[in-house]
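Step one of this worksheet: look at the structure below.
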Amino acid sequence: MMLRFAPKILWLCNAPEIVERNLCGEALTLADAAPLRDDVSTDEITPLPILTHWDDQLGRHPYTGFAAGGRTPIGIDAVRANGIEVVIAGKRYGKGSSREHSPAAEKFAGVRLVIAQSFERIYRQNADNIGLFTSTDFGLVDRIRAGEAIAVDELVAGRDALAAAILKAGGLLRFGQQFMREVREAEGTGPERPRTLFEKIVARHALATELTEAHPAPGDGAFVRADWRFIHEYYTGMAAHMLHSTFGRPLALHDPQSIVVFEDHTSYVSESPTHVRAGLVPNVLAMCEAQRRFAADYGLRAHRTLTEDEARADDGRNVAGISHAMMAEHYALPGQLVVGTDSHTPHSGALGCVAFGVGTTDMANAFMTGAVRLTVPQSLRIVLDGRVPAGVTAKDIVLHLLALPRIRAGGGVGRVFEFTGDAIAQLATDERATLTNMTAELGGFTGIVAPDEETVRFLRERRGIDFTLQPWMRSDDDAAYAETIHVDCARVPPMVARPGDPGNGLPLADIGEPVRIDIAYGGSCTAGKREDFDHYHAVLRWAADHGLRVAPHVSLYLQFGTTAVRDHCAQRGYLDAFEKVGARLLQPSCGACGNCGPGSSIDEKQVTVSAINRNFPGRGGPGQVWLASPPTVAASAIAGELMSFDELRRRHASSLP
């Protein structure tokens, strides 16, 4: 089959005036557009407020958050109005969220092909699943401009056979109707050879279909069985719409007892400046109601976060919080396989399970068939050596990793990050979860830590489970890795990441000039866990005991990740210190991390220091967002500028009793 594309091409580049000339109809070459923008995130392709749409309305909005030269040069309806069918960008296109809304918005706007130097794994898989072509072949550009028809086989060249078959079928649901009528459990665990823990778990969950083998090699497409599938409110409406449109009502969901539904992003949406100004709060409430109806119609297990009024009346029996944090607190177990519609699903990898994020179509297909698509990745072995210094957290370690040139260049894209080494043994499960959670920012497929006695302790103390480790739950000594990266944790200092990208990391001490802050935010799945709140409390208790408060020009927000974290803080007496220094405490929700509540900036001049996991343009509001560890966020709130806890104590050593 041959495809012909309109010769109008949108070049996503660093110069906003070039983009504007492009949109005015000027035909450009690669030389004209260079350098292309790297790291175009899904937050830029479809800013979060747009996610209340899941239909043709998305086609009005692609790239409305795209940032170049400090500007956002692409307006509403610009792509559709200009008849653009081909978009071109640089490296690591589609970073960030697992939102399928991004390729859907492109496709609804008329885009049929995205060409980039490299793609993030979830974005590209989402594009496959809806029939949007992606390519790294820049040789296609001149041929398209010349009006030449391109063979579909050329457009899928270099892709694994499953990805190519899905694209040729027109997307995953159509593929499933044709080739997934018989999905069967694999026999055995494949050929005997040394394996990583990831490979062992995948082999134990392998499925065979008409077109896919049960035990594929790295780089091949495959399907696996998930022990748990979870979804949240930004995806359920879209999934329900596509399922009912394709299969009618009622649906015959596969094993509904293993599906968990979370309402975890929108509890404070009425306090989100972005949503309020755009009049989107009614859309969000309708989106939540659509999820509640879907869960009720099919008897699905559901968790809903609390409003402030509900929290005050809560008798402690409500169990709620951010989806992937809740999965680790209540569901995931070592050796299991977990998928969710969030890029931070790898959070549960801290327990020694395989956990990864998928898009809406993947989840919709999994709801019906029980099968989850993946392209079998290679593994990186991340050896964390040495003793972690006092005052340094897992967040500092992962910001250090993100700043490594090898990772910045995309060396982790699509790979499994297996964390091991002496320092891992020193980290509790909450801290390990920070590492596995932020493999999303590292570009990885997932992160995993082999279960050990610390895992057993976590399951016993947090969940009342007496778990017995099995001998197979570790990587074999001779397992193959694409690369091994050593980090001397004893040399990792408190870190921050400059605004714009989590990979903009540097030691806090190297900033130079003071950075005045307006907002300090401690929360999110990455930094709303019990141990994170232990860190916040250590700083703020010290401050309260010495008569210090949050700096007058700073607003400090502390948002619990789950109700269990909130209750932990209450039981340990932490709330007194938080209140004395002037922090605002927020009920469990994603909140400011997703630009969905208090803690978001309201204008571009504001500077935020945040313990969240990503700071792409527009994330957390229009202002600048610095990433930092929980103790650095708390210390900076007291100081009124970016500052470590050690420096805060030194600064006040002579003036305090």
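Here, A, B, ... name the chains of the structure tokens in the order displayed, residue numbers run from 1 inside each chain, and ligands are numbered from 1 in the same displayed order.
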All helix (DSSP H, G or I) positions in stretch 549-585 of chain A, as an MDAnalysis selection string: chainID A and resid 563:571 574:581
Exercise: A:Ala366 partners within 10 Å, only C-alpha atoms, chain neighbours under 3 positions left out, as a list of chain:residue names: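 Non-adjacent residues within range: A:Phe223, A:Val224, A:Arg225, A:Ala226, A:Arg229, A:Leu253, A:His254, A:Ile259, A:Val339, A:Thr360, A:Thr361, A:Asp362, A:Met363, A:Thr369, A:Gly370, A:Ala371, A:Val372, A:Arg373.
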Requested write-out: C-alpha atoms of the selected residues, as a PDB file, in the first residue's frame:
ATOM      1  CA  PHE A 223       1.689  -9.561  24.873  1.00  0.00           C
ATOM      2  CA  VAL A 224       1.704 -10.355  28.585  1.00  0.00           C
ATOM      3  CA  ARG A 225      -0.892 -11.018  31.272  1.00  0.00           C
ATOM      4  CA  ALA A 226      -1.203  -8.381  33.995  1.00  0.00           C
ATOM      5  CA  ARG A 229      -4.644  -3.075  35.575  1.00  0.00           C
ATOM      6  CA  LEU A 253     -14.532  -7.145  30.614  1.00  0.00           C
ATOM      7  CA  HIS A 254     -11.765  -9.670  31.203  1.00  0.00           C
ATOM      8  CA  ILE A 259      -9.076  -3.752  37.478  1.00  0.00           C
ATOM      9  CA  VAL A 339       0.088  -1.826  34.227  1.00  0.00           C
ATOM     10  CA  THR A 360      -5.715   4.540  26.752  1.00  0.00           C
ATOM     11  CA  THR A 361      -6.008   2.181  23.788  1.00  0.00           C
ATOM     12  CA  ASP A 362      -3.581  -0.288  25.343  1.00  0.00           C
ATOM     13  CA  MET A 363      -5.663  -0.271  28.524  1.00  0.00           C
ATOM     14  CA  THR A 369      -8.549  -9.321  26.348  1.00  0.00           C
ATOM     15  CA  GLY A 370      -6.439  -9.339  29.521  1.00  0.00           C
ATOM     16  CA  ALA A 371      -3.410  -8.920  27.258  1.00  0.00           C
ATOM     17  CA  VAL A 372      -0.997  -6.008  27.501  1.00  0.00           C
ATOM     18  CA  ARG A 373       1.295  -5.039  24.662  1.00  0.00           C
TER      19      ARG A 373
END
Contacts of A:Ala278 at 12 Å (only C-alpha atoms; same-chain gap of 5+ positions) as a list in words: Leu48, Pro49, Ile50, Thr52, Val269, Ser270, Ser272, Pro273, Asn283 and Val284 of chain A
10 Å contact set for stretch 37-39 of chain A, only C-alpha atoms, chain neighbours under 5 positions out, as a list in words: Trp11, Leu12, Cys13, Asn14, Ala15, Glu44, Phe66, Ala67, Ala68, Ile88, Ala89, Gly90, Lys91, Arg92, Tyr93, Gly94, Lys95, Gly96, Ala116, Gln117, Ser118, Phe119, Glu120, Arg408, Gly410, Gly500, Asp501 and Phe616 of chain A
Top pick for closest residue to A:Ile511, considering A:Ala208, A:Leu540, A:Met643, A:Val354 and counting only C-alpha atoms: A:Met643
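The shortest atom-to-atom distance to A:Leu399, with only C-alpha atoms taken into account, belongs to A:Cys489 out of A:Leu300, A:Cys489, A:Leu548, A:Leu207.
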Selection near A:Ser323, 8 Å with only C-alpha atoms, sequence-local residues under 4 positions removed, as a ChimeraX atom specification: /A:230-232,262-264,327
May I have a table of the residues of stretch 457-477 of chain A lying at most 12 Å from stretch 424-438 of chain A, giving each one's closest pair of atoms and their distance in Å to one decimal, counting only C-alpha atoms, ordered by chain and ascending residue number, as JSON lines?
{"residue": "A:Arg457", "atom": "CA", "partner": "A:Thr429", "partner_atom": "CA", "distance": 9.1}
{"residue": "A:Phe458", "atom": "CA", "partner": "A:Thr429", "partner_atom": "CA", "distance": 6.8}
{"residue": "A:Leu459", "atom": "CA", "partner": "A:Thr429", "partner_atom": "CA", "distance": 9.7}
{"residue": "A:Glu461", "atom": "CA", "partner": "A:Thr429", "partner_atom": "CA", "distance": 11.6}
{"residue": "A:Arg462", "atom": "CA", "partner": "A:Thr429", "partner_atom": "CA", "distance": 10.7}
Test item, strand (DSSP E or B) assignment across stretch 99-342 of chain A, answer as a PyMOL selection string: chain A and resi 113-116+119+133-135+150-151+184-185+206-208+221-225+228-232+259-263+301-304+321+337-340
Save the residues we just selected, C-alpha atoms, as a PDB file, in the first residue's frame?
ATOM      1  CA  LEU A 113       3.152  11.213  10.197  1.00  0.00           C
ATOM      2  CA  VAL A 114       5.583  12.454  12.833  1.00  0.00           C
ATOM      3  CA  ILE A 115       9.287  12.303  12.007  1.00  0.00           C
ATOM      4  CA  ALA A 116      11.807  12.754  14.813  1.00  0.00           C
ATOM      5  CA  PHE A 119      10.834   8.901  20.307  1.00  0.00           C
ATOM      6  CA  PHE A 133       2.744   6.779  11.755  1.00  0.00           C
ATOM      7  CA  THR A 134       6.075   7.731  13.307  1.00  0.00           C
ATOM      8  CA  SER A 135       9.492   7.512  11.691  1.00  0.00           C
ATOM      9  CA  ILE A 150       5.536   6.415   0.237  1.00  0.00           C
ATOM     10  CA  ALA A 151       5.090   2.693   0.760  1.00  0.00           C
ATOM     11  CA  ARG A 184      -3.500 -18.257  25.539  1.00  0.00           C
ATOM     12  CA  GLU A 185      -1.094 -18.683  28.419  1.00  0.00           C
ATOM     13  CA  ALA A 206       3.812 -14.488  28.759  1.00  0.00           C
ATOM     14  CA  LEU A 207       0.890 -14.863  26.362  1.00  0.00           C
ATOM     15  CA  ALA A 208       0.720 -16.177  22.821  1.00  0.00           C
ATOM     16  CA  GLY A 221       6.668  -7.115  20.232  1.00  0.00           C
ATOM     17  CA  ALA A 222       4.703  -9.335  22.584  1.00  0.00           C
ATOM     18  CA  PHE A 223       1.689  -9.561  24.873  1.00  0.00           C
ATOM     19  CA  VAL A 224       1.704 -10.355  28.585  1.00  0.00           C
ATOM     20  CA  ARG A 225      -0.892 -11.018  31.272  1.00  0.00           C
ATOM     21  CA  TRP A 228      -3.338  -5.665  38.035  1.00  0.00           C
ATOM     22  CA  ARG A 229      -4.644  -3.075  35.575  1.00  0.00           C
ATOM     23  CA  PHE A 230      -5.447   0.420  36.840  1.00  0.00           C
ATOM     24  CA  ILE A 231      -6.779   3.587  35.296  1.00  0.00           C
ATOM     25  CA  HIS A 232      -7.581   7.130  36.451  1.00  0.00           C
ATOM     26  CA  ILE A 259      -9.076  -3.752  37.478  1.00  0.00           C
ATOM     27  CA  VAL A 260      -8.729  -0.789  39.865  1.00  0.00           C
ATOM     28  CA  VAL A 261     -10.139   2.675  39.138  1.00  0.00           C
ATOM     29  CA  PHE A 262      -8.713   5.817  40.768  1.00  0.00           C
ATOM     30  CA  GLU A 263      -9.944   9.380  40.994  1.00  0.00           C
ATOM     31  CA  ARG A 301     -13.010  -1.579  42.524  1.00  0.00           C
ATOM     32  CA  ALA A 302     -12.742   2.222  42.882  1.00  0.00           C
ATOM     33  CA  HIS A 303     -10.861   4.704  45.088  1.00  0.00           C
ATOM     34  CA  ARG A 304     -11.732   8.384  45.279  1.00  0.00           C
ATOM     35  CA  GLY A 321      -4.605   8.529  47.182  1.00  0.00           C
ATOM     36  CA  LEU A 337       3.059  -7.568  36.629  1.00  0.00           C
ATOM     37  CA  VAL A 338       1.200  -4.253  36.953  1.00  0.00           C
ATOM     38  CA  VAL A 339       0.088  -1.826  34.227  1.00  0.00           C
ATOM     39  CA  GLY A 340      -1.548   1.559  34.606  1.00  0.00           C
TER      40      GLY A 340
END
Near-stretch 53-59 of chain A list (8 Å; only C-alpha atoms; drop same-chain fewer than 6 positions) as a list of chain:residue names: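 These residues fall inside the cut-off: A:Asp77, A:Arg80, A:His101, A:Ala104, A:Ala105, A:Glu106, A:Lys107, A:Phe108, A:Ala109, A:Gly110, A:Gly237, A:Met238.
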Selection: 12 Å around A:Gly386, only C-alpha atoms, excl. self and same-chain fewer than 2 positions, as a list in words: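 The residues satisfying every condition are Val383, Leu384, Val388, Pro389, Thr420, Gly421, Asp422, Ala423, Ile424, Ala425, Gln426, Leu427, His486, Val487, Asp488, Cys489, Ala490, Arg491 and Val492 of chain A.
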Can those selected residues be exported to a file as a PDB file, in the first residue's frame so that it contains N, CA and C atoms?
ATOM      1  N   VAL A 383      24.237   0.411  39.297  1.00  0.00           N
ATOM      2  CA  VAL A 383      24.865  -0.016  40.543  1.00  0.00           C
ATOM      3  C   VAL A 383      25.114   1.219  41.402  1.00  0.00           C
ATOM      4  N   LEU A 384      24.394   1.304  42.490  1.00  0.00           N
ATOM      5  CA  LEU A 384      24.535   2.430  43.412  1.00  0.00           C
ATOM      6  C   LEU A 384      25.497   2.014  44.522  1.00  0.00           C
ATOM      7  N   VAL A 388      25.141   6.496  51.305  1.00  0.00           N
ATOM      8  CA  VAL A 388      24.427   7.739  51.001  1.00  0.00           C
ATOM      9  C   VAL A 388      24.660   8.725  52.137  1.00  0.00           C
ATOM     10  N   PRO A 389      25.175   9.926  51.846  1.00  0.00           N
ATOM     11  CA  PRO A 389      25.461  10.892  52.924  1.00  0.00           C
ATOM     12  C   PRO A 389      24.191  11.365  53.616  1.00  0.00           C
ATOM     13  N   THR A 420      20.576  -1.644  41.817  1.00  0.00           N
ATOM     14  CA  THR A 420      21.207  -2.594  42.718  1.00  0.00           C
ATOM     15  C   THR A 420      22.411  -1.925  43.366  1.00  0.00           C
ATOM     16  N   GLY A 421      23.144  -2.650  44.201  1.00  0.00           N
ATOM     17  CA  GLY A 421      24.336  -2.093  44.811  1.00  0.00           C
ATOM     18  C   GLY A 421      24.191  -1.855  46.307  1.00  0.00           C
ATOM     19  N   ASP A 422      25.306  -1.498  46.942  1.00  0.00           N
ATOM     20  CA  ASP A 422      25.331  -1.322  48.396  1.00  0.00           C
ATOM     21  C   ASP A 422      24.355  -0.252  48.864  1.00  0.00           C
ATOM     22  N   ALA A 423      24.224   0.812  48.097  1.00  0.00           N
ATOM     23  CA  ALA A 423      23.365   1.912  48.537  1.00  0.00           C
ATOM     24  C   ALA A 423      21.892   1.512  48.532  1.00  0.00           C
ATOM     25  N   ILE A 424      21.496   0.624  47.630  1.00  0.00           N
ATOM     26  CA  ILE A 424      20.101   0.179  47.607  1.00  0.00           C
ATOM     27  C   ILE A 424      19.732  -0.472  48.927  1.00  0.00           C
ATOM     28  N   ALA A 425      20.649  -1.246  49.480  1.00  0.00           N
ATOM     29  CA  ALA A 425      20.370  -1.910  50.756  1.00  0.00           C
ATOM     30  C   ALA A 425      20.126  -0.905  51.877  1.00  0.00           C
ATOM     31  N   GLN A 426      20.633   0.327  51.718  1.00  0.00           N
ATOM     32  CA  GLN A 426      20.449   1.363  52.737  1.00  0.00           C
ATOM     33  C   GLN A 426      19.125   2.100  52.589  1.00  0.00           C
ATOM     34  N   LEU A 427      18.469   1.950  51.441  1.00  0.00           N
ATOM     35  CA  LEU A 427      17.263   2.712  51.156  1.00  0.00           C
ATOM     36  C   LEU A 427      16.021   1.904  51.506  1.00  0.00           C
ATOM     37  N   HIS A 486      27.723   2.779  37.040  1.00  0.00           N
ATOM     38  CA  HIS A 486      28.051   2.861  38.465  1.00  0.00           C
ATOM     39  C   HIS A 486      27.889   4.297  38.944  1.00  0.00           C
ATOM     40  N   VAL A 487      27.287   4.451  40.111  1.00  0.00           N
ATOM     41  CA  VAL A 487      27.164   5.763  40.750  1.00  0.00           C
ATOM     42  C   VAL A 487      27.727   5.649  42.158  1.00  0.00           C
ATOM     43  N   ASP A 488      28.710   6.491  42.475  1.00  0.00           N
ATOM     44  CA  ASP A 488      29.252   6.537  43.827  1.00  0.00           C
ATOM     45  C   ASP A 488      28.365   7.471  44.644  1.00  0.00           C
ATOM     46  N   CYS A 489      27.418   6.883  45.363  1.00  0.00           N
ATOM     47  CA  CYS A 489      26.437   7.700  46.086  1.00  0.00           C
ATOM     48  C   CYS A 489      27.087   8.540  47.181  1.00  0.00           C
ATOM     49  N   ALA A 490      28.254   8.131  47.671  1.00  0.00           N
ATOM     50  CA  ALA A 490      28.932   8.918  48.695  1.00  0.00           C
ATOM     51  C   ALA A 490      29.344  10.287  48.176  1.00  0.00           C
ATOM     52  N   ARG A 491      29.406  10.426  46.851  1.00  0.00           N
ATOM     53  CA  ARG A 491      29.830  11.687  46.242  1.00  0.00           C
ATOM     54  C   ARG A 491      28.658  12.496  45.674  1.00  0.00           C
ATOM     55  N   VAL A 492      27.445  11.998  45.865  1.00  0.00           N
ATOM     56  CA  VAL A 492      26.272  12.721  45.369  1.00  0.00           C
ATOM     57  C   VAL A 492      25.856  13.760  46.410  1.00  0.00           C
TER      58      VAL A 492
END
Selected residue, from A:Pro507, A:Pro377, A:Pro405, A:Gly170, that lies nearest to A:Tyr481 when counting only C-alpha atoms: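 The shortest atom-to-atom distance to A:Tyr481 comes from A:Pro377.
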Straight-line distance linking atom CA of A:Ala551 with atom CA of A:Ile517, stated in Å to one decimal: 9.5 Å
Residue among A:Gln177, A:Asn504, A:Thr608, A:Gln291 lying closest to A:His553, counting only C-alpha atoms: A:Thr608
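Atom CA of A:Asp396 is positioned 23.1 Å from atom CA of A:Phe578.
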